[in-house]
file structure.cif (mmCIF, C-alpha atoms and all ligand atoms)
data_work
#
loop_
_atom_site.label_atom_id
_atom_site.label_comp_id
_atom_site.auth_asym_id
_atom_site.auth_seq_id
_atom_site.Cartn_x
_atom_site.Cartn_y
_atom_site.Cartn_z
CA MET A 2 115.93 124.51 119.20
CA PHE A 3 114.49 121.69 117.18
CA GLN A 4 115.00 118.07 117.81
CA ALA A 5 114.94 115.67 114.90
CA MET A 6 111.85 113.48 115.07
CA ALA A 7 112.42 109.80 114.53
CA LYS A 8 110.67 108.73 111.35
CA LYS A 9 107.87 106.26 111.96
CA LYS A 10 109.06 102.94 110.59
CA GLY A 11 107.18 99.89 109.45
CA LEU A 12 104.26 99.20 107.19
CA ARG A 13 101.40 101.64 106.92
CA PRO A 14 97.95 101.33 105.31
CA LYS A 15 99.19 103.23 102.24
CA HIS A 16 101.77 100.52 101.62
CA PHE A 17 99.05 97.88 101.50
CA GLN A 18 96.99 100.15 99.26
CA HIS A 19 99.93 100.16 96.87
CA VAL A 20 100.15 96.37 97.04
CA TYR A 21 96.40 96.01 96.41
CA ASP A 22 96.64 98.33 93.40
CA GLN A 23 99.40 96.39 91.76
CA PHE A 24 98.74 92.77 92.83
CA GLN A 25 95.49 91.90 91.10
CA ALA A 26 96.33 89.12 88.66
CA SER A 27 94.36 85.89 88.82
CA ILE A 28 96.40 82.92 89.84
CA SER A 29 95.43 80.99 86.71
CA ARG A 30 92.91 80.92 83.88
CA TYR A 31 90.95 78.30 85.82
CA ASP A 32 88.52 79.11 88.60
CA CYS A 33 90.43 76.92 91.03
CA GLY A 34 87.79 77.36 93.75
CA LYS A 35 85.51 75.20 91.60
CA LYS A 36 88.10 72.42 91.80
CA CYS A 37 88.58 72.27 95.58
CA ALA A 38 85.14 73.36 96.80
CA PRO A 39 83.28 70.15 95.86
CA LEU A 40 85.59 68.29 98.26
CA ASN A 41 85.17 70.87 100.99
CA GLY A 42 81.46 71.20 101.66
CA GLY A 43 81.03 73.59 98.71
CA ASN A 44 83.55 76.19 99.96
CA PRO A 45 86.97 76.91 98.47
CA VAL A 46 89.53 75.68 100.99
CA CYS A 47 91.29 79.04 101.33
CA CYS A 48 87.99 80.86 101.91
CA THR A 49 86.86 79.20 105.09
CA THR A 50 88.47 79.58 108.49
CA GLU A 51 87.73 75.92 109.14
CA ASP A 52 90.70 75.32 106.85
CA ALA A 53 92.74 78.52 106.66
CA VAL A 54 92.75 81.61 108.86
CA PRO A 55 93.92 84.77 107.06
CA ILE A 56 96.52 86.74 109.00
CA ALA A 57 96.80 90.42 108.12
CA HIS A 58 99.33 93.01 109.21
CA LYS A 59 97.60 95.46 111.56
CA SER A 60 98.05 98.24 108.96
CA GLU A 61 96.43 96.05 106.34
CA TRP A 62 93.58 95.41 108.76
CA LYS A 63 93.23 99.17 109.25
CA LEU A 64 93.11 99.70 105.48
CA LEU A 65 90.49 96.99 105.04
CA ARG A 66 88.28 98.48 107.76
CA SER A 67 88.36 101.81 105.95
CA ARG A 68 87.29 100.20 102.67
CA THR A 69 84.71 97.55 103.47
CA ASP A 70 82.68 95.71 106.11
CA LEU A 71 83.59 92.39 104.52
CA TRP A 72 86.02 91.50 107.30
CA HIS A 73 85.89 91.07 111.09
CA ARG A 74 88.32 89.85 113.73
CA PHE A 75 88.50 86.08 113.81
CA LYS A 76 87.32 84.40 116.99
CA PRO A 77 89.15 81.15 117.69
CA TYR A 78 86.81 78.22 118.30
CA ASP A 79 89.16 75.40 119.34
CA ALA A 80 92.71 74.62 120.47
CA ALA A 81 94.15 74.68 116.93
CA THR A 82 92.66 78.08 116.06
CA ARG A 83 93.64 79.49 119.46
CA LYS A 84 97.21 78.45 118.66
CA ILE A 85 97.05 80.24 115.28
CA VAL A 86 95.89 83.46 116.94
CA GLU A 87 98.44 83.18 119.73
CA GLU A 88 101.30 82.54 117.31
CA ALA A 89 100.47 85.53 115.10
CA SER A 90 103.00 88.29 115.82
CA ASP A 91 101.97 91.46 117.67
CA ASP A 92 101.98 93.23 114.32
CA CYS A 93 99.32 90.93 112.92
CA ARG A 94 95.62 90.18 113.28
CA ALA A 95 93.72 87.00 112.51
CA ILE A 96 90.66 88.00 110.51
CA GLU A 97 87.73 86.38 108.76
CA CYS A 98 85.57 87.44 105.81
CA LYS A 99 81.84 86.86 105.34
CA GLY A 100 82.53 83.91 103.04
CA ALA A 101 83.08 83.12 99.39
CA ARG A 102 79.57 84.16 98.33
CA PHE A 103 80.31 87.70 99.53
CA CYS A 104 83.87 87.97 98.23
CA GLU A 105 84.91 91.45 97.08
CA ARG A 106 87.78 91.00 94.70
CA ASP A 107 89.33 94.42 95.41
CA ASN A 108 89.13 93.86 99.16
CA ARG A 109 90.88 90.54 99.34
CA THR A 110 93.82 90.47 101.73
CA LEU A 111 97.36 89.98 100.54
CA ALA A 112 97.05 86.48 102.05
CA CYS A 113 94.03 85.77 99.78
CA ARG A 114 95.81 87.08 96.71
CA ALA A 115 99.00 85.14 97.35
CA PHE A 116 97.53 81.79 98.49
CA PRO A 117 98.79 79.05 98.34
CA PHE A 118 102.23 80.63 98.02
CA PHE A 119 104.71 82.28 100.33
CA PRO A 120 107.92 84.03 99.22
CA TYR A 121 110.73 81.51 99.48
CA ILE A 122 114.00 82.84 100.91
CA SER A 123 117.01 80.69 100.09
CA ARG A 124 119.78 79.74 102.50
CA ALA A 125 121.80 82.53 100.92
CA GLY A 126 119.06 84.99 101.88
CA ASP A 127 117.73 85.59 98.35
CA PHE A 128 114.05 85.81 97.48
CA ALA A 129 114.28 82.87 95.10
CA GLY A 130 110.68 82.09 94.21
CA LEU A 131 107.22 81.00 95.28
CA ALA A 132 106.83 77.96 97.53
CA CYS A 133 103.53 76.47 98.70
CA PHE A 134 102.02 76.22 102.16
CA TRP A 135 102.58 72.49 102.32
CA GLU A 136 99.87 71.92 104.95
CA PHE A 137 97.33 72.38 102.15
CA GLU A 138 98.78 70.03 99.56
CA ASP A 139 96.08 67.40 100.15
CA ARG A 140 93.27 69.97 99.68
CA CYS A 141 94.42 72.80 97.40
CA TRP A 142 94.09 71.90 93.72
CA VAL A 143 96.63 74.55 92.68
CA ILE A 144 99.47 72.91 94.63
CA SER A 145 98.97 69.78 92.54
CA ASN A 146 98.85 71.81 89.32
CA LEU A 147 101.69 74.32 89.41
CA ASN A 148 101.79 74.32 85.60
CA VAL A 149 98.58 76.43 85.53
CA ILE A 150 100.00 79.50 87.27
CA ASN A 151 99.84 82.72 85.25
CA ARG A 152 103.14 84.43 84.58
CA GLN A 153 101.52 87.77 85.35
CA PHE A 154 100.53 86.44 88.79
CA VAL A 155 104.14 85.46 89.47
CA GLN A 156 105.43 88.88 88.42
CA GLU A 157 102.91 90.71 90.60
CA PHE A 158 103.53 88.38 93.55
CA VAL A 159 107.26 89.05 93.33
CA ALA A 160 106.82 92.83 92.94
CA ALA A 161 104.39 93.00 95.89
CA HIS A 162 106.72 91.14 98.21
CA GLU A 163 109.86 92.96 97.06
CA TYR A 164 108.03 96.19 97.85
CA LEU A 165 106.99 95.03 101.35
CA PHE A 166 110.49 93.69 102.11
CA GLU A 167 111.94 97.04 101.17
CA LYS A 168 109.43 98.95 103.29
CA ASP A 169 109.83 96.67 106.30
CA PRO A 170 112.71 94.16 106.50
CA GLN A 171 110.79 92.28 109.19
CA GLU A 172 108.45 91.03 106.45
CA LYS A 173 111.42 89.31 104.86
CA GLU A 174 112.32 87.80 108.22
CA TYR A 175 108.86 86.23 108.46
CA ALA A 176 109.30 84.75 104.99
CA GLN A 177 112.76 83.55 105.94
CA ASN A 178 111.43 81.77 109.03
CA GLN A 179 108.69 80.13 106.96
CA SER A 180 111.33 78.99 104.45
CA ILE A 181 113.54 77.57 107.21
CA THR A 182 110.56 75.62 108.54
CA ALA A 183 109.82 74.36 105.01
CA ARG A 184 113.39 73.09 104.64
CA ARG A 185 113.15 71.31 107.99
CA VAL A 186 109.77 69.70 107.20
CA PHE A 187 110.72 68.56 103.69
CA SER A 188 114.07 67.21 104.86
CA ARG A 189 112.22 65.17 107.48
CA TRP A 190 109.99 63.84 104.69
CA ASN A 191 113.05 63.31 102.51
CA ARG A 192 111.34 65.27 99.71
CA PHE A 193 112.38 68.31 97.72
CA ILE A 194 110.44 71.57 98.02
CA PRO A 195 108.77 72.29 94.67
CA MET A 196 108.49 75.93 93.71
CA LEU A 197 108.15 78.50 90.95
CA ASP A 198 111.07 80.73 90.21
CA ARG A 199 110.61 84.48 89.87
CA GLU A 200 110.06 84.21 86.12
CA GLY A 201 107.52 81.40 86.30
CA GLY A 202 110.00 78.55 85.70
CA TYR A 203 110.51 75.76 88.23
CA LEU A 204 112.94 75.14 91.07
CA LYS A 205 113.41 72.54 93.75
CA GLU A 206 115.18 72.80 97.09
CA LEU A 207 116.71 69.40 97.72
CA PRO A 208 116.38 67.92 101.22
CA HIS A 209 119.27 67.74 103.69
CA LYS A 210 121.02 70.84 102.36
CA GLY A 211 121.21 69.38 98.85
CA GLY A 212 120.83 72.85 97.31
CA LEU A 213 118.42 74.87 95.22
CA VAL A 214 118.39 73.74 91.59
CA LYS A 215 116.28 74.04 88.44
CA ALA A 216 113.42 71.58 88.08
CA LYS A 217 111.06 70.29 85.42
CA ILE A 218 107.33 70.45 85.98
CA SER A 219 107.16 66.68 85.25
CA GLU A 220 109.08 66.12 88.52
CA PHE A 221 106.34 67.73 90.60
CA HIS A 222 103.78 65.35 92.00
CA ALA A 223 100.06 65.76 92.55
CA HIS A 224 98.58 64.95 95.93
CA GLY A 225 95.54 63.39 97.55
CA PRO A 226 92.40 63.43 95.40
CA TYR A 227 94.22 65.33 92.63
CA VAL A 228 96.56 62.52 91.62
CA SER A 229 94.25 61.52 88.75
CA GLU A 230 90.88 62.35 87.20
CA LYS A 231 89.56 59.02 88.49
CA ALA A 232 90.70 59.71 92.06
CA TYR A 233 89.15 63.18 91.89
CA ARG A 234 85.79 61.90 90.57
CA GLU A 235 85.69 59.26 93.29
CA ALA A 236 86.53 61.78 95.99
CA VAL A 237 83.79 64.14 94.77
CA LYS A 238 81.29 61.26 94.72
CA GLU A 239 82.30 60.28 98.24
CA ALA A 240 81.93 63.87 99.45
CA GLU A 241 78.47 64.08 97.86
CA ASP A 242 77.40 60.80 99.47
CA VAL A 243 78.55 62.03 102.90
CA ALA A 244 76.65 65.31 102.42
CA GLU A 245 73.35 63.54 101.57
S1 LIG B 1 94.03 78.45 95.77
FE1 LIG B 1 93.77 76.30 96.30
S2 LIG B 1 92.48 76.27 98.10
FE2 LIG B 1 92.26 78.31 97.20
S3 LIG B 1 90.48 78.15 95.84
FE3 LIG B 1 92.28 77.69 94.59
S4 LIG B 1 92.48 75.44 94.67
FE4 LIG B 1 91.12 76.06 96.35
S1 LIG B 2 87.99 87.69 100.76
FE1 LIG B 2 87.43 86.35 99.08
S2 LIG B 2 89.32 85.28 98.57
FE2 LIG B 2 89.61 86.14 100.64
S3 LIG B 2 88.98 84.51 102.06
FE3 LIG B 2 87.18 85.82 101.69
S4 LIG B 2 86.09 84.79 100.02
FE4 LIG B 2 88.19 83.99 100.01
#

call {"tool": "encode", "arguments": {"input": "structure.cif", "output": "structure tokens"}}
result
Amino acid sequence: MFQAMAKKKGLRPKHFQHVYDQFQASISRYDCGKKCAPLNGGNPVCCTTEDAVPIAHKSEWKLLRSRTDLWHRFKPYDAATRKIVEEASDDCRAIECKGARFCERDNRTLACRAFPFFPYISRAGDFAGLACFWEFEDRCWVISNLNVINRQFVQEFVAAHEYLFEKDPQEKEYAQNQSITARRVFSRWNRFIPMLDREGGYLKELPHKGGLVKAKISEFHAHGPYVSEKAYREAVKEAEDVAE
């Protein structure tokens, strides 16, 4: 007699291979790392674990280990980074690459490819668009310049996440939790959440359950040193003076 074997569920390395194969578009025609790095000791903000720690699904980590020696497990070095590692789910690993000078484009994590965006799940449970990791709005040039995002990037971002959500509904739950937190944070700030829709247009989620509505790019504000050319030049000068 045979007993039916339960099918192994969840994400496997081959699923991330598929995502890597089809999510390759550059975020914009600009090399955005050249915009934020001068204000960050010469390193792009999303490429140093002093600013951002990549979290990879354990199957993605397995795939990466089979492809490259670019990555290693991240070792927390203070209370904040310990918290990041502790809060990562059991399915995930905090990892670190050798740095921007050694970047291998084909071996970037999904987190690298998608930054600074996460898939935004509306109150109705729909994957509505691409929202930004707001903690980086004072440092990431892209968040202040959402008009530069390539349409191809948006399409590939959406396809990659739709695929992962279909393969493992828990991935959508993570995105949903992130979106709930975003709504809470922006309501506290009394600000709308700016985002791209799935076709590259613009949306805003109004605070205090005001709803998700179309937006114009002119409504989106720049932040920190990116509010004007003058502010940026001054910030770069200041960073250079500090470094000397
Ligand atoms: S995505 Fe943002 S943080 Fe990363 S390199 Fe571009 S501007 Fe810098
Ligand atoms: S792999 Fe490349 S894009 Fe990803 S964190 Fe490292 S340097 Fe940045």

call {"tool": "residues_around", "arguments": {"input": "structure.cif", "residues": "Val228 of chain A", "least_positions_apart": "5", "cutoff": "10 Å", "atoms": "all atoms listed in the file", "output": "MDAnalysis selection string"}}
result
chainID A and resid 139 142 145:146 222:223 233

call {"tool": "residues_near_point", "arguments": {"input": "structure.cif", "point": "(76.5, 65.8, 105.2)", "cutoff": "12 Å", "atoms": "only C-alpha atoms", "output": "PyMOL selection string"}}
result
chain A and resi 40-43+239-245

call {"tool": "residues_around", "arguments": {"input": "structure.cif", "residues": "His58 of chain A", "least_positions_apart": "3", "cutoff": "7 Å", "atoms": "only C-alpha atoms", "output": "ChimeraX atom specification"}}
result
/A:61-62,92-94

call {"tool": "residues_near_ligand", "arguments": {"input": "structure.cif", "ligand": "ligand LIG 2 (chain B)", "cutoff": "9 Å", "atoms": "all atoms listed in the file", "output": "number ranges by chain"}}
result
A: 44-50, 53-55, 71-72, 97-114, 116

call {"tool": "atom_distance", "arguments": {"input": "structure.cif", "atom1": "atom CA of Ala129 of chain A", "atom2": "atom FE4 of ligand LIG 1 (chain B)"}}
result
24.2 Å

call {"tool": "residues_near_ligand", "arguments": {"input": "structure.cif", "ligand": "ligand LIG 1 (chain B)", "cutoff": "8 Å", "atoms": "all atoms listed in the file", "output": "ChimeraX atom specification"}}
result
/A:28,32-38,45-48,116-117,137,140-144

call {"tool": "closest_atom_pairs", "arguments": {"input": "structure.cif", "of": "segment 166-244 of chain A", "to": "segment 149-154 of chain A", "cutoff": "12 Å", "atoms": "all atoms listed in the file", "output": "tab-separated table"}}
result
residue	atom	partner	partner_atom	distance
A:Met196	CA	A:Ile150	CA	11.2
A:Leu197	CA	A:Ile150	CA	9.0
A:Asp198	CA	A:Arg152	CA	10.4
A:Arg199	CA	A:Arg152	CA	9.2
A:Glu200	CA	A:Arg152	CA	7.1
A:Gly201	CA	A:Arg152	CA	5.6
A:Gly202	CA	A:Arg152	CA	9.1
A:Tyr203	CA	A:Ile150	CA	11.2
A:Ile218	CA	A:Val149	CA	10.6

call {"tool": "write_last_selection", "arguments": {"input": "structure.cif", "atoms": "C-alpha atoms", "output": "CSV table (one decimal), keeping the file's coordinate frame"}}
result
chain,number,residue,atom,x,y,z
A,196,MET,CA,108.5,75.9,93.7
A,197,LEU,CA,108.2,78.5,91.0
A,198,ASP,CA,111.1,80.7,90.2
A,199,ARG,CA,110.6,84.5,89.9
A,200,GLU,CA,110.1,84.2,86.1
A,201,GLY,CA,107.5,81.4,86.3
A,202,GLY,CA,110.0,78.6,85.7
A,203,TYR,CA,110.5,75.8,88.2
A,218,ILE,CA,107.3,70.4,86.0

call {"tool": "atom_distance", "arguments": {"input": "structure.cif", "atom1": "atom CA of Pro77 of chain A", "atom2": "atom CA of Phe118 of chain A"}}
result
23.6 Å

call {"tool": "closest_residue", "arguments": {"input": "structure.cif", "among": "A:Ala161, A:Ala95, A:Ala183, A:Leu147", "to": "Asp22 of chain A", "atoms": "only C-alpha atoms"}}
result
A:Ala161

call {"tool": "axis_aligned_box", "arguments": {"input": "structure.cif", "around": "segment 195-204 of chain A", "padding_each_side": "4 Å", "output": "JSON"}}
result
{"center_x": 110.2, "center_y": 78.4, "center_z": 90.2, "size_x": 13.4, "size_y": 20.2, "size_z": 17.0}

call {"tool": "residues_around", "arguments": {"input": "structure.cif", "residues": "Gly211 of chain A", "least_positions_apart": "2", "cutoff": "12 Å", "atoms": "only C-alpha atoms", "output": "JSON, numbers by chain"}}
result
{"A": [124, 184, 187, 188, 191, 192, 193, 194, 205, 206, 207, 208, 209, 213, 214]}
